[in-house]
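Here is the file final09.txt (compact mmCIF, N, CA and C atoms).
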# COMPACT_ATOMS: atom_id res chain seq x y z
N MET A 1 -4.45 10.12 5.23
CA MET A 1 -3.41 10.86 4.53
C MET A 1 -2.78 11.86 5.48
N ASN A 2 -1.49 12.00 5.43
CA ASN A 2 -0.74 12.90 6.30
C ASN A 2 -0.18 14.02 5.45
N ILE A 3 -0.43 15.28 5.83
CA ILE A 3 0.09 16.39 5.02
C ILE A 3 1.60 16.48 5.08
N PHE A 4 2.20 15.76 6.02
CA PHE A 4 3.65 15.78 6.17
C PHE A 4 4.30 14.58 5.50
N GLU A 5 3.51 13.80 4.79
CA GLU A 5 4.02 12.62 4.11
C GLU A 5 5.11 13.03 3.12
N GLY A 6 6.25 12.40 3.19
CA GLY A 6 7.34 12.70 2.28
C GLY A 6 8.30 13.77 2.78
N ILE A 7 7.90 14.51 3.80
CA ILE A 7 8.76 15.59 4.30
C ILE A 7 10.01 15.02 4.95
N ASP A 8 9.86 14.05 5.83
CA ASP A 8 11.02 13.48 6.51
C ASP A 8 12.02 12.92 5.52
N GLU A 9 11.51 12.28 4.49
CA GLU A 9 12.40 11.72 3.46
C GLU A 9 13.15 12.85 2.74
N ALA A 10 12.45 13.88 2.38
CA ALA A 10 13.07 15.01 1.67
C ALA A 10 14.08 15.72 2.56
N ARG A 11 13.73 15.93 3.82
CA ARG A 11 14.63 16.65 4.73
C ARG A 11 15.87 15.84 5.06
N GLY A 12 15.75 14.53 5.13
CA GLY A 12 16.87 13.71 5.53
C GLY A 12 17.89 13.44 4.45
N SER A 13 17.55 13.71 3.21
CA SER A 13 18.43 13.33 2.12
C SER A 13 19.26 14.49 1.57
N HIS A 14 19.36 15.57 2.31
CA HIS A 14 20.01 16.76 1.78
C HIS A 14 20.55 17.61 2.93
N HIS A 15 21.61 18.34 2.69
CA HIS A 15 22.08 19.30 3.69
C HIS A 15 21.39 20.63 3.41
N TRP A 16 20.53 21.05 4.31
CA TRP A 16 19.71 22.23 4.10
C TRP A 16 20.32 23.46 4.75
N PRO A 17 20.22 24.62 4.11
CA PRO A 17 20.73 25.86 4.70
C PRO A 17 19.88 26.29 5.89
N ALA A 18 20.43 27.16 6.72
CA ALA A 18 19.70 27.66 7.89
C ALA A 18 18.54 28.55 7.49
N LYS A 19 18.65 29.22 6.36
CA LYS A 19 17.57 30.06 5.85
C LYS A 19 17.12 29.50 4.51
N LEU A 20 15.80 29.38 4.36
CA LEU A 20 15.22 28.77 3.17
C LEU A 20 14.43 29.80 2.37
N ASP A 21 14.77 29.96 1.10
CA ASP A 21 13.93 30.80 0.24
C ASP A 21 12.70 29.97 -0.15
N GLN A 22 11.77 30.56 -0.89
CA GLN A 22 10.52 29.85 -1.19
C GLN A 22 10.76 28.55 -1.94
N LYS A 23 11.61 28.57 -2.93
CA LYS A 23 11.87 27.35 -3.70
C LYS A 23 12.46 26.26 -2.81
N THR A 24 13.43 26.64 -1.99
CA THR A 24 14.08 25.67 -1.11
C THR A 24 13.10 25.18 -0.04
N LEU A 25 12.26 26.08 0.47
CA LEU A 25 11.25 25.68 1.45
C LEU A 25 10.29 24.67 0.84
N ARG A 26 9.87 24.89 -0.39
CA ARG A 26 8.99 23.94 -1.06
C ARG A 26 9.66 22.57 -1.20
N GLN A 27 10.94 22.56 -1.53
CA GLN A 27 11.68 21.29 -1.63
C GLN A 27 11.79 20.65 -0.25
N TYR A 28 12.07 21.46 0.75
CA TYR A 28 12.25 20.99 2.12
C TYR A 28 10.97 20.32 2.64
N LEU A 29 9.83 20.83 2.20
CA LEU A 29 8.55 20.30 2.65
C LEU A 29 8.04 19.16 1.77
N GLY A 30 8.92 18.58 0.99
CA GLY A 30 8.57 17.39 0.21
C GLY A 30 8.29 17.66 -1.25
N ASN A 31 8.96 18.66 -1.80
CA ASN A 31 8.80 19.01 -3.21
C ASN A 31 7.36 19.38 -3.56
N ILE A 32 6.77 20.24 -2.74
CA ILE A 32 5.40 20.68 -2.97
C ILE A 32 5.38 21.87 -3.93
N ASP A 33 4.21 22.14 -4.50
CA ASP A 33 4.10 23.29 -5.39
C ASP A 33 3.75 24.55 -4.59
N THR A 34 3.77 25.69 -5.27
CA THR A 34 3.54 26.98 -4.61
C THR A 34 2.14 27.05 -4.00
N ALA A 35 1.15 26.55 -4.70
CA ALA A 35 -0.22 26.59 -4.18
C ALA A 35 -0.35 25.78 -2.89
N THR A 36 0.28 24.62 -2.83
CA THR A 36 0.24 23.79 -1.62
C THR A 36 0.97 24.49 -0.48
N LEU A 37 2.09 25.11 -0.78
CA LEU A 37 2.83 25.85 0.25
C LEU A 37 1.94 26.91 0.88
N LYS A 38 1.27 27.68 0.05
CA LYS A 38 0.40 28.74 0.56
C LYS A 38 -0.81 28.17 1.30
N ARG A 39 -1.45 27.17 0.73
CA ARG A 39 -2.68 26.62 1.30
C ARG A 39 -2.44 25.89 2.62
N ASP A 40 -1.41 25.06 2.66
CA ASP A 40 -1.21 24.17 3.81
C ASP A 40 -0.19 24.67 4.83
N TYR A 41 0.56 25.69 4.49
CA TYR A 41 1.63 26.12 5.39
C TYR A 41 1.62 27.62 5.66
N THR A 42 2.04 28.41 4.70
CA THR A 42 2.29 29.83 4.98
C THR A 42 1.04 30.63 5.32
N CYS A 43 -0.15 30.16 4.96
CA CYS A 43 -1.37 30.90 5.32
C CYS A 43 -1.82 30.59 6.75
N LYS A 44 -1.23 29.61 7.37
CA LYS A 44 -1.60 29.27 8.74
C LYS A 44 -1.06 30.34 9.69
N PRO A 45 -1.89 30.80 10.62
CA PRO A 45 -1.47 31.92 11.48
C PRO A 45 -0.24 31.65 12.34
N ASP A 46 0.01 30.39 12.63
CA ASP A 46 1.17 30.09 13.49
C ASP A 46 2.39 29.60 12.71
N PHE A 47 2.30 29.55 11.37
CA PHE A 47 3.48 29.16 10.59
C PHE A 47 4.50 30.28 10.69
N PRO A 48 5.79 29.95 10.78
CA PRO A 48 6.82 30.99 10.89
C PRO A 48 6.71 32.02 9.77
N THR A 49 6.88 33.26 10.14
CA THR A 49 6.81 34.35 9.18
C THR A 49 8.08 34.39 8.35
N GLY A 50 7.91 34.56 7.06
CA GLY A 50 9.06 34.71 6.19
C GLY A 50 9.69 36.08 6.40
N ILE A 51 10.99 36.12 6.52
CA ILE A 51 11.71 37.37 6.71
C ILE A 51 12.13 37.89 5.35
N GLU A 52 11.87 39.16 5.11
CA GLU A 52 12.24 39.74 3.81
C GLU A 52 13.76 39.80 3.68
N ASN A 53 14.25 39.26 2.60
CA ASN A 53 15.67 39.25 2.30
C ASN A 53 15.82 39.60 0.83
N GLU A 54 16.24 40.83 0.56
CA GLU A 54 16.37 41.28 -0.82
C GLU A 54 15.05 41.15 -1.57
N LYS A 55 13.96 41.57 -0.93
CA LYS A 55 12.61 41.58 -1.49
C LYS A 55 12.00 40.20 -1.67
N LYS A 56 12.64 39.17 -1.18
CA LYS A 56 12.09 37.82 -1.24
C LYS A 56 12.09 37.24 0.18
N PRO A 57 11.00 36.60 0.57
CA PRO A 57 10.98 36.05 1.92
C PRO A 57 11.90 34.84 2.07
N VAL A 58 12.44 34.71 3.26
CA VAL A 58 13.21 33.52 3.64
C VAL A 58 12.69 33.08 5.01
N TRP A 59 12.76 31.80 5.25
CA TRP A 59 12.30 31.23 6.52
C TRP A 59 13.46 30.57 7.22
N HIS A 60 13.51 30.71 8.55
CA HIS A 60 14.53 30.04 9.35
C HIS A 60 14.15 28.56 9.44
N ARG A 61 15.06 27.71 9.03
CA ARG A 61 14.80 26.27 9.02
C ARG A 61 14.45 25.77 10.41
N ALA A 62 15.11 26.28 11.44
CA ALA A 62 14.84 25.83 12.81
C ALA A 62 13.39 26.14 13.21
N ALA A 63 12.88 27.30 12.81
CA ALA A 63 11.49 27.66 13.12
C ALA A 63 10.52 26.77 12.36
N VAL A 64 10.84 26.47 11.11
CA VAL A 64 9.99 25.57 10.32
C VAL A 64 9.99 24.17 10.95
N ASP A 65 11.16 23.69 11.37
CA ASP A 65 11.24 22.39 12.02
C ASP A 65 10.42 22.36 13.30
N GLN A 66 10.48 23.43 14.06
CA GLN A 66 9.71 23.50 15.31
C GLN A 66 8.21 23.47 15.01
N TRP A 67 7.79 24.20 13.98
CA TRP A 67 6.38 24.20 13.59
C TRP A 67 5.95 22.81 13.14
N LEU A 68 6.78 22.16 12.32
CA LEU A 68 6.45 20.82 11.85
C LEU A 68 6.31 19.84 13.01
N ALA A 69 7.21 19.93 13.98
CA ALA A 69 7.16 19.03 15.13
C ALA A 69 5.86 19.23 15.93
N ALA A 70 5.41 20.47 16.02
CA ALA A 70 4.18 20.77 16.77
C ALA A 70 2.93 20.38 15.99
N HIS A 71 3.06 20.18 14.69
CA HIS A 71 1.90 19.90 13.85
C HIS A 71 1.98 18.55 13.16
N ASP A 72 2.81 17.68 13.63
CA ASP A 72 2.99 16.36 13.00
C ASP A 72 1.84 15.44 13.43
N LYS A 73 0.68 15.68 12.84
CA LYS A 73 -0.51 14.89 13.13
C LYS A 73 -1.15 14.48 11.82
N PRO A 74 -2.00 13.48 11.85
CA PRO A 74 -2.70 13.09 10.62
C PRO A 74 -3.47 14.25 10.01
N TYR A 75 -3.60 14.24 8.72
CA TYR A 75 -4.26 15.29 7.96
C TYR A 75 -5.64 15.64 8.53
N LYS A 76 -6.42 14.64 8.84
CA LYS A 76 -7.78 14.85 9.36
C LYS A 76 -7.73 15.67 10.65
N ASP A 77 -6.81 15.34 11.56
CA ASP A 77 -6.71 16.04 12.82
C ASP A 77 -6.25 17.49 12.63
N VAL A 78 -5.33 17.71 11.72
CA VAL A 78 -4.82 19.06 11.47
C VAL A 78 -5.90 19.92 10.87
N MET A 79 -6.62 19.42 9.89
CA MET A 79 -7.61 20.21 9.17
C MET A 79 -8.81 20.56 10.05
N THR A 80 -9.08 19.82 11.10
CA THR A 80 -10.20 20.15 11.96
C THR A 80 -9.89 21.33 12.86
N LYS A 81 -8.63 21.71 12.97
CA LYS A 81 -8.24 22.86 13.81
C LYS A 81 -8.49 24.18 13.11
N TRP A 82 -8.51 24.20 11.77
CA TRP A 82 -8.64 25.48 11.06
C TRP A 82 -10.00 25.65 10.48
Target format structure tokens, applied to this file:
Amino acid sequence: MNIFEGIDEARGSHHWPAKLDQKTLRQYLGNIDTATLKRDYTCKPDFPTGIENEKKPVWHRAAVDQWLAAHDKPYKDVMTKW
């Protein structure tokens, strides 16, 4: 199982803004729920930090893409790092 399964499909089928709020980030990452976002992405020490924008975090899409490219490995390999 790949934690990035479905992400490429979700990212390729939509024009995404340069800054992603939490809802849009969840959609961008394959329509995941909030718990999955926190568990598999935002709690990781090297995941891009959300920038506060009107009291809500936003993430730069380019930074998220860079992180995804660096972590595009099978689920088993990724989970053994943490």
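When only C-alpha atoms are used to measure the gap to Pro45 (chain A), the shortest distance among A:Asp21, A:Asp72, A:Ala62, A:Trp67 belongs to A:Trp67.
Between atom N of Lys55 (chain A) and CA of Ala69 (chain A) the separation is 28.5 Å.
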Please, which residues are within 5 Å of (13.3, 30.0, 3.9) by the file's coordinates, counting all atoms listed in the file, and could they come as a ChimeraX atom specification? /A:19-21,58-60
DSSP-assigned strand (DSSP E) among region 8-52 of chain A, expressed as an mmCIF file with N, CA and C atoms, in the frame of the given file:
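To be explicit, this is the file written out as out-v5.cif:
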data_model
loop_
_atom_site.group_PDB
_atom_site.id
_atom_site.type_symbol
_atom_site.label_atom_id
_atom_site.label_comp_id
_atom_site.auth_asym_id
_atom_site.auth_seq_id
_atom_site.Cartn_x
_atom_site.Cartn_y
_atom_site.Cartn_z
ATOM 1 N N LYS A 19 18.650 29.220 6.360
ATOM 2 C CA LYS A 19 17.570 30.060 5.850
ATOM 3 C C LYS A 19 17.120 29.500 4.510
ATOM 4 N N LEU A 20 15.800 29.380 4.360
ATOM 5 C CA LEU A 20 15.220 28.770 3.170
ATOM 6 C C LEU A 20 14.430 29.800 2.370
ATOM 7 N N ASP A 21 14.770 29.960 1.100
ATOM 8 C CA ASP A 21 13.930 30.800 0.240
ATOM 9 C C ASP A 21 12.700 29.970 -0.150
ATOM 10 N N ILE A 51 10.990 36.120 6.520
ATOM 11 C CA ILE A 51 11.710 37.370 6.710
ATOM 12 C C ILE A 51 12.130 37.890 5.350
ATOM 13 N N GLU A 52 11.870 39.160 5.110
ATOM 14 C CA GLU A 52 12.240 39.740 3.810
ATOM 15 C C GLU A 52 13.760 39.800 3.680
#
Expected axis-aligned box over every listed atom of region 43-61 of chain A, 8 Å added per side, centre plus edges in Å to one decimal, as JSON:
{"center_x": 7.2, "center_y": 33.7, "center_z": 5.9, "size_x": 34.3, "size_y": 31.8, "size_z": 31.2}
Would you please work out which residue, of A:Ala35, A:Pro48, A:Lys56, A:Tyr41, is nearest to Gln22 (chain A) when using all atoms listed in the file? A:Lys56
Would you mind reading off the distance between atom C of Phe47 (chain A) and CA of Trp16 (chain A), one decimal, in Å?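 Spanning atom C of Phe47 (chain A) to CA of Trp16 (chain A) is a straight-line distance of 18.4 Å.
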Using all atoms listed in the file, pick whichever of A:Gln66, A:Asp46, A:Arg61, A:Glu52 has the shortest atom-to-atom distance to Pro17 (chain A). A:Arg61
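In this model, the gap between atom C of Pro57 (chain A) and atom N of Ala70 (chain A) comes to 21.1 Å.
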